[in-house]
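Chemist: My structure is in target_7.cif, and what it holds is mmCIF, C-alpha atoms and all ligand atoms:
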```cif
data_coords
loop_
_atom_site.group_PDB
_atom_site.id
_atom_site.type_symbol
_atom_site.label_atom_id
_atom_site.label_comp_id
_atom_site.auth_asym_id
_atom_site.auth_seq_id
_atom_site.Cartn_x
_atom_site.Cartn_y
_atom_site.Cartn_z
ATOM 1 C CA MET A 1 63.532 205.500 -96.119
ATOM 2 C CA PRO A 2 65.652 203.548 -93.644
ATOM 3 C CA GLN A 3 68.936 202.091 -94.757
ATOM 4 C CA PRO A 4 68.631 198.365 -95.591
ATOM 5 C CA THR A 5 71.825 197.537 -93.686
ATOM 6 C CA VAL A 6 74.063 199.271 -91.155
ATOM 7 C CA THR A 7 77.510 198.510 -89.807
ATOM 8 C CA VAL A 8 78.013 198.764 -86.068
ATOM 9 C CA HIS A 9 81.598 198.172 -84.958
ATOM 10 C CA ASP A 10 82.654 195.153 -87.009
ATOM 11 C CA LYS A 11 79.214 193.659 -87.635
ATOM 12 C CA THR A 12 76.577 194.077 -90.322
ATOM 13 C CA PHE A 13 72.942 194.391 -89.330
ATOM 14 C CA GLU A 14 69.901 194.305 -91.596
ATOM 15 C CA LEU A 15 66.661 196.222 -91.273
ATOM 16 C CA PHE A 16 64.212 194.337 -89.059
ATOM 17 C CA ILE A 17 61.507 196.682 -87.722
ATOM 18 C CA ALA A 18 61.111 200.059 -89.408
ATOM 19 C CA GLU A 19 60.475 203.279 -87.495
ATOM 20 C CA GLU A 20 56.904 203.554 -88.755
ATOM 21 C CA GLU A 21 56.023 200.092 -87.480
ATOM 22 C CA ILE A 22 57.648 200.805 -84.123
ATOM 23 C CA GLN A 23 55.742 204.063 -83.724
ATOM 24 C CA LYS A 24 52.441 202.403 -84.581
ATOM 25 C CA LYS A 25 53.030 199.736 -81.965
ATOM 26 C CA VAL A 26 54.080 202.291 -79.352
ATOM 27 C CA GLU A 27 50.807 204.175 -79.957
ATOM 28 C CA GLU A 28 48.847 200.946 -79.421
ATOM 29 C CA LEU A 29 50.717 200.162 -76.212
ATOM 30 C CA GLY A 30 50.144 203.709 -74.978
ATOM 31 C CA SER A 31 46.406 203.417 -75.626
ATOM 32 C CA SER A 32 46.124 200.084 -73.778
ATOM 33 C CA LEU A 33 48.096 201.401 -70.829
ATOM 34 C CA SER A 34 45.977 204.563 -70.706
ATOM 35 C CA GLN A 35 42.773 202.574 -70.762
ATOM 36 C CA ASN A 36 43.846 200.019 -68.174
ATOM 37 C CA LEU A 37 45.549 202.398 -65.768
ATOM 38 C CA LYS A 38 43.246 205.393 -65.769
ATOM 39 C CA ASP A 39 42.520 206.558 -62.211
ATOM 40 C CA THR A 40 45.676 204.895 -60.820
ATOM 41 C CA LYS A 41 48.195 207.687 -61.565
ATOM 42 C CA PRO A 42 50.889 205.109 -62.380
ATOM 43 C CA LEU A 43 54.619 205.561 -61.980
ATOM 44 C CA PHE A 44 56.495 204.494 -65.094
ATOM 45 C CA ILE A 45 60.084 203.406 -64.464
ATOM 46 C CA GLY A 46 62.296 203.390 -67.544
ATOM 47 C CA ILE A 47 65.333 201.127 -67.395
ATOM 48 C CA LEU A 48 68.462 202.907 -68.601
ATOM 49 C CA ASN A 49 70.169 202.986 -70.938
ATOM 50 C CA GLY A 50 68.320 200.864 -73.461
ATOM 51 C CA ALA A 51 64.744 201.993 -72.779
ATOM 52 C CA PHE A 52 65.315 205.745 -73.024
ATOM 53 C CA MET A 53 63.861 206.097 -76.514
ATOM 54 C CA PHE A 54 60.959 203.699 -76.017
ATOM 55 C CA ALA A 55 60.078 205.285 -72.662
ATOM 56 C CA SER A 56 60.088 208.741 -74.227
ATOM 57 C CA ASP A 57 57.786 207.776 -77.099
ATOM 58 C CA LEU A 58 55.576 205.627 -74.889
ATOM 59 C CA MET A 59 54.969 208.482 -72.466
ATOM 60 C CA LYS A 60 53.864 210.681 -75.364
ATOM 61 C CA ALA A 61 51.328 207.997 -76.267
ATOM 62 C CA VAL A 62 49.946 207.841 -72.721
ATOM 63 C CA ASN A 63 47.075 210.264 -72.160
ATOM 64 C CA ILE A 64 46.298 209.832 -68.460
ATOM 65 C CA PRO A 65 47.958 211.463 -65.448
ATOM 66 C CA ALA A 66 51.198 209.510 -65.015
ATOM 67 C CA GLU A 67 54.715 210.036 -63.665
ATOM 68 C CA ILE A 68 57.981 208.807 -65.097
ATOM 69 C CA THR A 69 61.352 208.179 -63.541
ATOM 70 C CA PHE A 70 64.408 206.221 -64.599
ATOM 71 C CA MET A 71 66.840 203.835 -63.011
ATOM 72 C CA LYS A 72 69.781 201.693 -63.945
ATOM 73 C CA VAL A 73 70.306 198.053 -63.209
ATOM 74 C CA THR A 74 73.713 196.492 -62.875
ATOM 75 C CA SER A 75 75.047 193.070 -62.173
ATOM 76 C CA TYR A 76 75.615 192.795 -58.471
ATOM 77 C CA GLN A 77 78.995 191.434 -57.470
ATOM 78 C CA GLY A 78 78.084 190.263 -54.020
ATOM 79 C CA MET A 79 77.873 187.102 -52.034
ATOM 80 C CA GLU A 80 75.150 185.744 -54.301
ATOM 81 C CA THR A 81 76.290 182.405 -55.611
ATOM 82 C CA THR A 82 74.032 182.783 -58.613
ATOM 83 C CA GLY A 83 75.530 186.186 -59.442
ATOM 84 C CA GLN A 84 72.162 187.076 -60.888
ATOM 85 C CA THR A 85 70.828 189.584 -58.404
ATOM 86 C CA LYS A 86 70.798 192.987 -60.020
ATOM 87 C CA GLU A 87 71.305 196.186 -58.115
ATOM 88 C CA LEU A 88 68.822 199.006 -58.712
ATOM 89 C CA ILE A 89 70.627 202.320 -59.073
ATOM 90 C CA GLY A 90 69.219 205.813 -58.915
ATOM 91 C CA LEU A 91 65.639 205.081 -57.977
ATOM 92 C CA ASN A 92 64.822 208.220 -56.030
ATOM 93 C CA ASP A 93 61.052 208.058 -56.178
ATOM 94 C CA SER A 94 59.140 206.116 -53.596
ATOM 95 C CA VAL A 95 57.371 203.124 -55.061
ATOM 96 C CA LYS A 96 55.542 202.234 -51.852
ATOM 97 C CA GLY A 97 51.835 201.900 -52.548
ATOM 98 C CA ARG A 98 52.249 202.899 -56.189
ATOM 99 C CA ASP A 99 51.069 201.222 -59.378
ATOM 100 C CA ILE A 100 54.280 200.688 -61.318
ATOM 101 C CA VAL A 101 54.926 200.113 -64.995
ATOM 102 C CA VAL A 102 58.484 198.963 -65.680
ATOM 103 C CA VAL A 103 59.520 200.107 -69.156
ATOM 104 C CA GLU A 104 62.222 197.990 -70.768
ATOM 105 C CA ASP A 105 63.712 197.757 -74.252
ATOM 106 C CA ILE A 106 63.984 193.983 -74.402
ATOM 107 C CA VAL A 107 63.347 190.946 -72.243
ATOM 108 C CA ASP A 108 65.742 188.181 -73.214
ATOM 109 C CA THR A 109 66.388 185.568 -70.497
ATOM 110 C CA GLY A 110 64.122 187.498 -68.134
ATOM 111 C CA ILE A 111 66.767 187.400 -65.393
ATOM 112 C CA THR A 112 67.045 191.191 -65.259
ATOM 113 C CA MET A 113 63.280 191.717 -65.222
ATOM 114 C CA GLU A 114 62.667 189.077 -62.577
ATOM 115 C CA SER A 115 65.172 190.775 -60.322
ATOM 116 C CA ILE A 116 63.657 194.227 -60.934
ATOM 117 C CA VAL A 117 60.119 193.033 -60.210
ATOM 118 C CA ASP A 118 61.170 191.174 -57.042
ATOM 119 C CA GLN A 119 62.931 194.225 -55.679
ATOM 120 C CA LEU A 120 60.099 196.622 -56.498
ATOM 121 C CA LYS A 121 57.737 194.226 -54.711
ATOM 122 C CA ASN A 122 60.010 194.320 -51.673
ATOM 123 C CA LEU A 123 59.928 198.109 -51.780
ATOM 124 C CA GLY A 124 56.164 197.934 -51.309
ATOM 125 C CA ALA A 125 54.799 198.618 -54.794
ATOM 126 C CA LYS A 126 51.039 198.118 -54.940
ATOM 127 C CA SER A 127 51.128 196.595 -58.421
ATOM 128 C CA ILE A 128 53.856 196.008 -60.983
ATOM 129 C CA GLU A 129 53.327 195.549 -64.700
ATOM 130 C CA VAL A 130 55.948 195.241 -67.402
ATOM 131 C CA ALA A 131 56.016 196.975 -70.775
ATOM 132 C CA SER A 132 58.798 195.766 -73.053
ATOM 133 C CA LEU A 133 59.162 196.793 -76.657
ATOM 134 C CA LEU A 134 60.776 193.476 -77.543
ATOM 135 C CA LEU A 135 60.559 189.959 -76.153
ATOM 136 C CA LYS A 136 62.561 186.905 -77.167
ATOM 137 C CA PRO A 137 60.198 184.112 -76.040
ATOM 138 C CA ASP A 138 62.634 181.327 -76.988
ATOM 139 C CA CYS A 139 65.269 182.750 -74.638
ATOM 140 C CA LEU A 140 63.071 183.147 -71.541
ATOM 141 C CA GLN A 141 64.455 181.343 -68.506
ATOM 142 C CA ARG A 142 62.313 183.031 -65.895
ATOM 143 C CA ASP A 143 58.605 183.189 -65.292
ATOM 144 C CA VAL A 144 58.121 186.913 -65.890
ATOM 145 C CA GLU A 145 54.854 188.281 -67.151
ATOM 146 C CA VAL A 146 55.323 190.908 -69.830
ATOM 147 C CA LYS A 147 51.792 192.254 -70.015
ATOM 148 C CA TYR A 148 52.570 194.866 -72.654
ATOM 149 C CA THR A 149 54.828 193.481 -75.398
ATOM 150 C CA GLY A 150 55.589 195.354 -78.590
ATOM 151 C CA PHE A 151 57.078 192.598 -80.712
ATOM 152 C CA GLU A 152 57.987 188.986 -80.082
ATOM 153 C CA ILE A 153 61.215 188.341 -81.953
ATOM 154 C CA PRO A 154 63.451 185.331 -82.648
ATOM 155 C CA GLU A 155 66.700 184.625 -80.866
ATOM 156 C CA LYS A 156 68.871 187.047 -82.811
ATOM 157 C CA PHE A 157 70.839 190.062 -81.637
ATOM 158 C CA VAL A 158 69.236 193.417 -82.448
ATOM 159 C CA VAL A 159 70.327 197.064 -82.312
ATOM 160 C CA GLY A 160 68.694 200.446 -82.730
ATOM 161 C CA TYR A 161 65.917 202.470 -81.106
ATOM 162 C CA GLY A 162 67.851 202.516 -77.836
ATOM 163 C CA LEU A 163 69.415 199.078 -78.091
ATOM 164 C CA ASP A 164 73.162 198.917 -78.498
ATOM 165 C CA TYR A 165 75.933 196.654 -79.644
ATOM 166 C CA ASP A 166 78.873 197.429 -77.386
ATOM 167 C CA GLY A 167 77.761 201.025 -76.836
ATOM 168 C CA LEU A 168 76.893 201.913 -80.419
ATOM 169 C CA GLY A 169 73.676 201.848 -82.433
ATOM 170 C CA ARG A 170 71.295 203.307 -79.855
ATOM 171 C CA ASN A 171 70.574 206.362 -81.994
ATOM 172 C CA LEU A 172 69.189 204.426 -84.959
ATOM 173 C CA LYS A 173 65.486 205.158 -85.519
ATOM 174 C CA ASP A 174 64.796 201.647 -86.805
ATOM 175 C CA ILE A 175 65.630 198.257 -85.324
ATOM 176 C CA TYR A 176 68.231 196.116 -87.082
ATOM 177 C CA GLN A 177 69.014 192.442 -86.725
ATOM 178 C CA LEU A 178 72.438 190.811 -86.895
ATOM 179 C CA LYS A 179 73.103 189.526 -90.367
ATOM 180 C CA HIS A 180 74.600 186.093 -90.679
ATOM 181 C CA GLU A 181 77.104 185.956 -93.484
HETATM 182 P P1 LIG B 1 67.934 189.509 -69.775
HETATM 183 O O1 LIG B 1 68.272 189.660 -68.320
HETATM 184 O O2 LIG B 1 68.646 188.328 -70.373
HETATM 185 O O3 LIG B 1 66.464 189.485 -70.049
HETATM 186 O O4 LIG B 1 68.601 190.717 -70.508
HETATM 187 C C1 LIG B 1 68.025 191.922 -70.722
HETATM 188 C C2 LIG B 1 69.058 192.918 -71.201
HETATM 189 O O5 LIG B 1 70.023 192.344 -72.090
HETATM 190 C C3 LIG B 1 68.393 194.019 -71.980
HETATM 191 O O6 LIG B 1 67.972 195.058 -71.157
HETATM 192 C C4 LIG B 1 69.494 194.447 -72.940
HETATM 193 O O7 LIG B 1 70.294 195.412 -72.331
HETATM 194 C C5 LIG B 1 70.322 193.203 -73.166
HETATM 195 N N1 LIG B 1 69.966 192.539 -74.449
HETATM 196 C C6 LIG B 1 69.364 191.332 -74.589
HETATM 197 N N2 LIG B 1 69.189 191.021 -75.884
HETATM 198 C C7 LIG B 1 69.699 192.065 -76.590
HETATM 199 C C8 LIG B 1 69.784 192.344 -78.006
HETATM 200 O O8 LIG B 1 69.386 191.565 -78.901
HETATM 201 N N3 LIG B 1 70.351 193.540 -78.339
HETATM 202 C C9 LIG B 1 70.804 194.430 -77.416
HETATM 203 N N4 LIG B 1 70.728 194.204 -76.087
HETATM 204 C C10 LIG B 1 70.175 193.031 -75.677
#
```
Kindly present the structure from the file in structure tokens form.
Ligand code: IMP

Modeler:
Amino acid sequence: MPQPTVTVHDKTFELFIAEEEIQKKVEELGSSLSQNLKDTKPLFIGILNGAFMFASDLMKAVNIPAEITFMKVTSYQGMETTGQTKELIGLNDSVKGRDIVVVEDIVDTGITMESIVDQLKNLGAKSIEVASLLLKPDCLQRDVEVKYTGFEIPEKFVVGYGLDYDGLGRNLKDIYQLKHE
């Protein structure tokens, strides 16, 4: 049984989505992806660090020939006045002509995902679809299509199953939501 609350740094979080529920959803997402992408030999790209656990479980639920790689995304301190262009780091595999599935832990404002998708398009990807375990629809500021969404959640900070609060909490098997005292 998962703990009803956990403390991460100075904050208390309460149980939100239990491991069992997460795993069930990941299985469903894996089945849909397998069905829709059979014959395309897709390249899954997991976004580090947050998506490492989701990407690992999702790949186990995918039963078609598929590749996986990982990359990081950072804020780009350049000449961009918006400051919202993200730099893709460590993408060694060629995406040209490939069917891509971007695997993310959470889409919040959508700024990160929009930037990722734009850049993968520029690199010549044949198709790009997004699989995100979590989506905060009320926070979306960009028109990004998350075709495979695990759970739509309210505008509250969450940790666990790869997601962190200031570096901690990623190793929790369940997802916890910030408790308001
Ligand atoms: P976006 O660009 O606003 O969509 O931000 C996406 C990134 O913000 C995610 O990949 C996470 O790293 C981080 N993030 C957004 N919401 C949360 C949350 O509730 N918990 C932990 N990280 C979050």

Chemist: Quick one: residues within 10 Å of ligand LIG 1 (chain B), with only C-alpha atoms and all ligand atoms, as a ChimeraX atom specification?

Modeler: /A:47-51,72-73,75,84,86,104-116,132,134-136,139-142,144,153-160,162-167,169-170,175-178

Chemist: May I ask which of the residues A:Leu123, A:Leu133, A:Ile128, A:Leu168 is the closest one to Ile22 (chain A), counting all atoms listed in the file?

Modeler: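 When distances to Ile22 (chain A) are compared using all atoms listed in the file, the smallest one comes from A:Leu133.
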
Chemist: Give me, please, the distance in Å between CA of Phe151 (chain A) and CA of Thr74 (chain A), quoted to one decimal.

Modeler: 24.7 Å

Chemist: Please tell me which residues are no farther than 10 Å from (55.0, 196.0, -84.9) in the file, counting all atoms listed in the file, and write them as number ranges by chain.

Modeler: A: 17-26, 28, 133-134, 149-152

Chemist: Around the point (56.3, 201.1, -56.9) in the file's coordinates, collect all residues with an atom within 10 Å, using only C-alpha atoms, and return them as a ChimeraX atom specification.

Modeler: /A:42-45,93-102,117,119-128

Chemist: Could you check how far CA of Thr40 (chain A) sits from CA of Leu88 (chain A), in Å to one decimal?

Modeler: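 Going from CA of Thr40 (chain A) over to CA of Leu88 (chain A), I get 24.0 Å.
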
Chemist: In Å, how far is it from CA of Ser31 (chain A) to CA of Pro137 (chain A)?

Modeler: 23.7 Å

Chemist: Under the rule that only C-alpha atoms are counted, which of A:Glu129, A:Glu14, A:Met53, A:Phe70 is the nearest residue to Glu145 (chain A)?

Modeler: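 Closest candidate: A:Glu129.
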
Chemist: Name the residues captured by the PyMOL selection byres (((chain A and resi 60) around 12) and not hetatm) when it is applied to the shown file; answer as a ChimeraX atom specification.

Modeler: /A:23,26-31,33-34,53-59,61-68

Chemist: For the selection just defined, write its residues with C-alpha atoms to a file, as a PDB file, in the frame of the given file.

Modeler:
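Done, and the output landed in again_25.pdb:
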```pdb
ATOM      1  CA  GLN A  23      55.742 204.063 -83.724  1.00  0.00           C
ATOM      2  CA  VAL A  26      54.080 202.291 -79.352  1.00  0.00           C
ATOM      3  CA  GLU A  27      50.807 204.175 -79.957  1.00  0.00           C
ATOM      4  CA  GLU A  28      48.847 200.946 -79.421  1.00  0.00           C
ATOM      5  CA  LEU A  29      50.717 200.162 -76.212  1.00  0.00           C
ATOM      6  CA  GLY A  30      50.144 203.709 -74.978  1.00  0.00           C
ATOM      7  CA  SER A  31      46.406 203.417 -75.626  1.00  0.00           C
ATOM      8  CA  LEU A  33      48.096 201.401 -70.829  1.00  0.00           C
ATOM      9  CA  SER A  34      45.977 204.563 -70.706  1.00  0.00           C
ATOM     10  CA  MET A  53      63.861 206.097 -76.514  1.00  0.00           C
ATOM     11  CA  PHE A  54      60.959 203.699 -76.017  1.00  0.00           C
ATOM     12  CA  ALA A  55      60.078 205.285 -72.662  1.00  0.00           C
ATOM     13  CA  SER A  56      60.088 208.741 -74.227  1.00  0.00           C
ATOM     14  CA  ASP A  57      57.786 207.776 -77.099  1.00  0.00           C
ATOM     15  CA  LEU A  58      55.576 205.627 -74.889  1.00  0.00           C
ATOM     16  CA  MET A  59      54.969 208.482 -72.466  1.00  0.00           C
ATOM     17  CA  ALA A  61      51.328 207.997 -76.267  1.00  0.00           C
ATOM     18  CA  VAL A  62      49.946 207.841 -72.721  1.00  0.00           C
ATOM     19  CA  ASN A  63      47.075 210.264 -72.160  1.00  0.00           C
ATOM     20  CA  ILE A  64      46.298 209.832 -68.460  1.00  0.00           C
ATOM     21  CA  PRO A  65      47.958 211.463 -65.448  1.00  0.00           C
ATOM     22  CA  ALA A  66      51.198 209.510 -65.015  1.00  0.00           C
ATOM     23  CA  GLU A  67      54.715 210.036 -63.665  1.00  0.00           C
ATOM     24  CA  ILE A  68      57.981 208.807 -65.097  1.00  0.00           C
TER      25      ILE A  68
END
```

Chemist: Under the rule that all atoms listed in the file are counted, which of A:Asn171, A:Gln35, A:Thr85, A:Gln3 is the nearest residue to Phe16 (chain A)?

Modeler: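 The shortest atom-to-atom distance to Phe16 (chain A) comes from A:Gln3.
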
Chemist: Report, as lines of an AutoDock Vina configuration file, the centre and edge lengths in Å (one decimal) of the axis-aligned box enclosing every listed atom of region 151-154 of chain A, padded by 6 Å on each side.

Modeler:
```
center_x = 60.3
center_y = 189.0
center_z = -81.4
size_x = 18.4
size_y = 19.3
size_z = 14.6
```

Chemist: Using only C-alpha atoms, which residue out of A:Val130, A:Asp143, A:Lys179, A:Gly46 lies closest to Val8 (chain A)?

Modeler: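 Of A:Val130, A:Asp143, A:Lys179, A:Gly46, the one nearest Val8 (chain A) is A:Lys179, counting only C-alpha atoms.
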
Chemist: Could you complete region 104-116 of chain A so that it carries N, CA and C atoms, and give it back as a PDB file, in the coordinates of the input?

Modeler:
```
ATOM      1  N   GLU A 104      60.950 198.597 -70.379  1.00  0.00           N
ATOM      2  CA  GLU A 104      62.222 197.990 -70.768  1.00  0.00           C
ATOM      3  C   GLU A 104      62.309 197.893 -72.287  1.00  0.00           C
ATOM      4  N   ASP A 105      63.540 197.883 -72.802  1.00  0.00           N
ATOM      5  CA  ASP A 105      63.712 197.757 -74.252  1.00  0.00           C
ATOM      6  C   ASP A 105      63.489 196.324 -74.715  1.00  0.00           C
ATOM      7  N   ILE A 106      64.075 195.379 -73.964  1.00  0.00           N
ATOM      8  CA  ILE A 106      63.984 193.983 -74.402  1.00  0.00           C
ATOM      9  C   ILE A 106      64.068 193.043 -73.199  1.00  0.00           C
ATOM     10  N   VAL A 107      63.240 192.010 -73.233  1.00  0.00           N
ATOM     11  CA  VAL A 107      63.347 190.946 -72.243  1.00  0.00           C
ATOM     12  C   VAL A 107      63.871 189.725 -72.984  1.00  0.00           C
ATOM     13  N   ASP A 108      65.040 189.273 -72.539  1.00  0.00           N
ATOM     14  CA  ASP A 108      65.742 188.181 -73.214  1.00  0.00           C
ATOM     15  C   ASP A 108      65.615 186.926 -72.343  1.00  0.00           C
ATOM     16  N   THR A 109      66.538 186.711 -71.410  1.00  0.00           N
ATOM     17  CA  THR A 109      66.388 185.568 -70.497  1.00  0.00           C
ATOM     18  C   THR A 109      65.328 185.849 -69.439  1.00  0.00           C
ATOM     19  N   GLY A 110      65.080 187.124 -69.174  1.00  0.00           N
ATOM     20  CA  GLY A 110      64.122 187.498 -68.134  1.00  0.00           C
ATOM     21  C   GLY A 110      64.765 187.625 -66.761  1.00  0.00           C
ATOM     22  N   ILE A 111      66.069 187.352 -66.691  1.00  0.00           N
ATOM     23  CA  ILE A 111      66.767 187.400 -65.393  1.00  0.00           C
ATOM     24  C   ILE A 111      66.762 188.827 -64.838  1.00  0.00           C
ATOM     25  N   THR A 112      67.035 189.788 -65.699  1.00  0.00           N
ATOM     26  CA  THR A 112      67.045 191.191 -65.259  1.00  0.00           C
ATOM     27  C   THR A 112      65.654 191.598 -64.782  1.00  0.00           C
ATOM     28  N   MET A 113      64.641 191.279 -65.564  1.00  0.00           N
ATOM     29  CA  MET A 113      63.280 191.717 -65.222  1.00  0.00           C
ATOM     30  C   MET A 113      62.773 191.035 -63.956  1.00  0.00           C
ATOM     31  N   GLU A 114      63.096 189.776 -63.792  1.00  0.00           N
ATOM     32  CA  GLU A 114      62.667 189.077 -62.577  1.00  0.00           C
ATOM     33  C   GLU A 114      63.245 189.770 -61.343  1.00  0.00           C
ATOM     34  N   SER A 115      64.505 190.122 -61.446  1.00  0.00           N
ATOM     35  CA  SER A 115      65.172 190.775 -60.322  1.00  0.00           C
ATOM     36  C   SER A 115      64.562 192.159 -60.036  1.00  0.00           C
ATOM     37  N   ILE A 116      64.267 192.896 -61.093  1.00  0.00           N
ATOM     38  CA  ILE A 116      63.657 194.227 -60.934  1.00  0.00           C
ATOM     39  C   ILE A 116      62.296 194.100 -60.238  1.00  0.00           C
TER      40      ILE A 116
END
```
